[in-house]
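In what follows, a single structure is set out as structure tokens and then discussed.
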Amino acid sequence: MDFGVTITGGVSPWQIFQQNEQGTASIRLYGKFHRIHLSQELPLVFTPVDQGAVTVKARVALESSGENIVPWILCEVRSSEEWEVTFPAVPAGGPYRIETYMEYEGWDGLSCTRGDMVHHIGVGDVFVIAG
């Protein structure tokens with residue numbers, strides 16, 4: 001069963017984005033979310049939560065320390081359990097990781113708000129050498 005936030009496209013591990021003249025790159029990613037409630041007693045049971053507003057957030061962090069490169073921003077959430085976000089100006093450098101998480105209406109503090117991550121992202125100059 002899928003639960004929490006998943007990244008389904010737009011970025012891959014070890015991907016380098018070409019920087020522009022300002023030394024930044026725009027990174028767009030998207031995915032799905034699933035509201036899940038975790039039971040408070042044994043045996044632990046995960047059950048879908050069908051209703052309630054959802055907030056999905058994403059950030060870009062330095063891979064080595066977790067320092068914010070682009071702080072948490074709100075993602076666009078659609079009613080079809082899909083979300084998307086564009087980081088307009090990620091500075092040259094890396095390696096970075098992209099993190100996500102969610103909150104939803106009726107969240108009890110213990111149920112799943114798991115976020116997905118993509119590791120080892122970079123921004124810089126991309127060269128293709130072919131022989």
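Residues in the structure tokens are numbered from 1 in each chain, the chains being A, B, ... in the order shown, and ligands are numbered from 1 in the order shown.
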Next item on the list: Can you pull out every residue within 7 Å of Phe33 of chain A, counting only C-alpha atoms, but drop anything in the same chain fewer than 5 positions away, and send it as a ChimeraX atom specification?
Entry: /A:3-6,81-82
Would you mind exporting the chosen residues as an mmCIF file, in the first residue's frame, restricted to C-alpha atoms?
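Produced file again.cif, reproduced below:
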data_model
loop_
_atom_site.group_PDB
_atom_site.id
_atom_site.type_symbol
_atom_site.label_atom_id
_atom_site.label_comp_id
_atom_site.auth_asym_id
_atom_site.auth_seq_id
_atom_site.Cartn_x
_atom_site.Cartn_y
_atom_site.Cartn_z
ATOM 1 C CA PHE A 3 1.141 5.982 1.875
ATOM 2 C CA GLY A 4 2.328 9.508 2.508
ATOM 3 C CA VAL A 5 3.997 11.487 -0.264
ATOM 4 C CA THR A 6 5.746 9.865 -3.219
ATOM 5 C CA GLU A 81 -4.231 12.933 -4.969
ATOM 6 C CA GLU A 82 -1.506 14.532 -7.076
#
Item checked: Spatial neighbours of segment 58-66 of chain A, max dist 8 Å, only C-alpha atoms, sep filter under 4 positions, as a list in words -> Val70, Pro71, Trp72, Ile73, Leu74, Cys75, Val85, Val90, Gly94, Pro95, Tyr96, Arg97, Ile98, Glu99, Thr100, Tyr101, His119 and His120 of chain A
Residue set, segment 50-102 of chain A restricted to strand (DSSP E), as a compact mmCIF listing (two decimals) with N, CA, C and O atoms, in the first residue's frame:
# COMPACT_ATOMS: atom_id res chain seq x y z
N VAL A 54 -5.41 18.55 2.30
CA VAL A 54 -4.04 18.06 2.39
C VAL A 54 -3.08 19.20 2.07
O VAL A 54 -3.33 19.99 1.17
N THR A 55 -1.98 19.26 2.82
CA THR A 55 -0.89 20.18 2.54
C THR A 55 0.36 19.35 2.28
O THR A 55 0.72 18.52 3.10
N VAL A 56 0.99 19.57 1.13
CA VAL A 56 2.26 18.92 0.81
C VAL A 56 3.32 20.01 0.73
O VAL A 56 3.09 21.05 0.13
N LYS A 57 4.47 19.77 1.37
CA LYS A 57 5.57 20.72 1.34
C LYS A 57 6.83 20.02 0.85
O LYS A 57 6.98 18.81 0.99
N ALA A 58 7.74 20.82 0.28
CA ALA A 58 9.00 20.28 -0.22
C ALA A 58 10.11 21.30 0.04
O ALA A 58 9.85 22.49 0.16
N ARG A 59 11.35 20.79 0.13
CA ARG A 59 12.50 21.67 0.29
C ARG A 59 13.71 21.05 -0.38
O ARG A 59 13.73 19.86 -0.69
N VAL A 60 14.73 21.89 -0.57
CA VAL A 60 16.02 21.42 -1.05
C VAL A 60 17.00 21.63 0.09
O VAL A 60 17.08 22.73 0.66
N ALA A 61 17.73 20.57 0.45
CA ALA A 61 18.67 20.63 1.57
C ALA A 61 20.04 20.16 1.11
O ALA A 61 20.16 19.36 0.17
N LEU A 62 21.06 20.63 1.79
CA LEU A 62 22.41 20.16 1.54
C LEU A 62 22.51 18.72 2.00
O LEU A 62 22.12 18.38 3.12
N ASN A 68 19.16 24.07 5.03
CA ASN A 68 18.22 24.54 4.02
C ASN A 68 18.96 25.25 2.89
O ASN A 68 19.72 26.18 3.14
N ILE A 69 18.73 24.83 1.66
CA ILE A 69 19.17 25.56 0.48
C ILE A 69 17.97 26.32 -0.07
O ILE A 69 18.06 27.50 -0.37
N VAL A 70 16.84 25.64 -0.20
CA VAL A 70 15.54 26.27 -0.48
C VAL A 70 14.62 25.80 0.62
O VAL A 70 14.34 24.62 0.74
N PRO A 71 14.14 26.73 1.49
CA PRO A 71 13.31 26.33 2.63
C PRO A 71 11.99 25.68 2.18
O PRO A 71 11.61 25.76 1.02
N TRP A 72 11.30 25.06 3.15
CA TRP A 72 10.02 24.39 2.86
C TRP A 72 9.08 25.33 2.14
O TRP A 72 8.87 26.46 2.57
N ILE A 73 8.51 24.88 1.03
CA ILE A 73 7.51 25.64 0.30
C ILE A 73 6.29 24.76 0.06
O ILE A 73 6.39 23.54 0.02
N LEU A 74 5.13 25.42 -0.07
CA LEU A 74 3.88 24.69 -0.35
C LEU A 74 3.86 24.20 -1.78
O LEU A 74 4.25 24.92 -2.70
N GLU A 76 1.58 22.63 -5.01
CA GLU A 76 0.22 22.68 -5.54
C GLU A 76 -0.40 21.30 -5.38
O GLU A 76 0.17 20.30 -5.83
N VAL A 77 -1.55 21.24 -4.72
CA VAL A 77 -2.22 19.97 -4.46
C VAL A 77 -3.50 19.92 -5.29
O VAL A 77 -4.27 20.87 -5.31
N ARG A 78 -3.70 18.79 -5.97
CA ARG A 78 -4.90 18.58 -6.78
C ARG A 78 -5.82 17.59 -6.10
O ARG A 78 -5.37 16.76 -5.30
N GLU A 82 -2.76 14.20 -6.41
CA GLU A 82 -1.51 14.53 -7.08
C GLU A 82 -1.03 15.90 -6.60
O GLU A 82 -1.82 16.73 -6.18
N TRP A 83 0.28 16.11 -6.67
CA TRP A 83 0.87 17.38 -6.28
C TRP A 83 2.02 17.71 -7.23
O TRP A 83 2.51 16.84 -7.94
N GLU A 84 2.41 18.98 -7.24
CA GLU A 84 3.58 19.38 -8.01
C GLU A 84 4.16 20.66 -7.43
O GLU A 84 3.46 21.42 -6.75
N VAL A 85 5.46 20.86 -7.67
CA VAL A 85 6.14 22.05 -7.18
C VAL A 85 7.28 22.38 -8.12
O VAL A 85 7.84 21.48 -8.76
N THR A 86 7.61 23.67 -8.22
CA THR A 86 8.77 24.12 -8.97
C THR A 86 9.61 24.98 -8.04
O THR A 86 9.11 25.95 -7.47
N PHE A 87 10.86 24.60 -7.88
CA PHE A 87 11.82 25.44 -7.16
C PHE A 87 12.43 26.35 -8.23
O PHE A 87 13.17 25.87 -9.09
N PRO A 88 12.12 27.66 -8.21
CA PRO A 88 12.52 28.52 -9.33
C PRO A 88 14.01 28.86 -9.38
O PRO A 88 14.53 29.17 -10.45
N ALA A 89 14.71 28.83 -8.27
CA ALA A 89 16.10 29.30 -8.28
C ALA A 89 16.96 28.52 -7.28
O ALA A 89 17.33 29.02 -6.22
N VAL A 90 17.29 27.28 -7.63
CA VAL A 90 18.19 26.48 -6.79
C VAL A 90 19.62 26.86 -7.17
O VAL A 90 20.00 26.79 -8.33
N PRO A 91 20.43 27.32 -6.19
CA PRO A 91 21.77 27.80 -6.52
C PRO A 91 22.71 26.69 -6.98
O PRO A 91 22.55 25.52 -6.60
N GLY A 93 25.65 24.20 -7.13
CA GLY A 93 26.31 23.48 -6.05
C GLY A 93 25.70 22.12 -5.86
O GLY A 93 25.00 21.59 -6.69
N GLY A 94 25.96 21.57 -4.68
CA GLY A 94 25.45 20.26 -4.36
C GLY A 94 26.52 19.46 -3.65
O GLY A 94 27.58 20.01 -3.33
N PRO A 95 26.32 18.23 -3.36
CA PRO A 95 25.08 17.52 -3.66
C PRO A 95 23.96 17.94 -2.71
O PRO A 95 24.19 18.22 -1.54
N TYR A 96 22.76 18.00 -3.26
CA TYR A 96 21.56 18.35 -2.53
C TYR A 96 20.65 17.13 -2.43
O TYR A 96 20.81 16.16 -3.16
N ARG A 97 19.67 17.23 -1.54
CA ARG A 97 18.58 16.26 -1.53
C ARG A 97 17.28 17.04 -1.51
O ARG A 97 17.20 18.14 -0.96
N ILE A 98 16.26 16.48 -2.10
CA ILE A 98 14.92 17.07 -2.09
C ILE A 98 14.07 16.24 -1.16
O ILE A 98 14.05 15.01 -1.27
N GLU A 99 13.40 16.91 -0.22
CA GLU A 99 12.58 16.23 0.78
C GLU A 99 11.14 16.70 0.66
O GLU A 99 10.89 17.85 0.30
N THR A 100 10.20 15.84 0.99
CA THR A 100 8.78 16.18 1.00
C THR A 100 8.13 15.66 2.28
O THR A 100 8.66 14.77 2.94
N TYR A 101 7.00 16.24 2.63
CA TYR A 101 6.15 15.70 3.70
C TYR A 101 4.76 16.25 3.54
O TYR A 101 4.52 17.15 2.74
N MET A 102 3.81 15.69 4.28
CA MET A 102 2.43 16.13 4.16
C MET A 102 1.77 16.27 5.53
O MET A 102 2.22 15.69 6.51
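Reported to one decimal place, the separation of atom CA of Gly10 of chain A from atom CA of Val126 of chain A is 17.1 Å.
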Item checked: Close residues, Gly52 of chain A itself excluded, 8 Å, only C-alpha atoms, min 4 positions apart in chain, as a list in words -> Tyr104, Glu105 and Gly106 of chain A
Check: Hey, can you check how far atom CA of Pro48 of chain A sits from atom CA of Met117 of chain A?
Finding: 22.2 Å
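The space between atom CA of Val11 of chain A and atom CA of Gly131 of chain A spans 27.2 Å.
Once Ala92 of chain A and its same-chain neighbours fewer than 2 positions away are set aside, Gly23, Thr24, Val123 and Gly124 of chain A remain within 6 Å of it when counting only C-alpha atoms.
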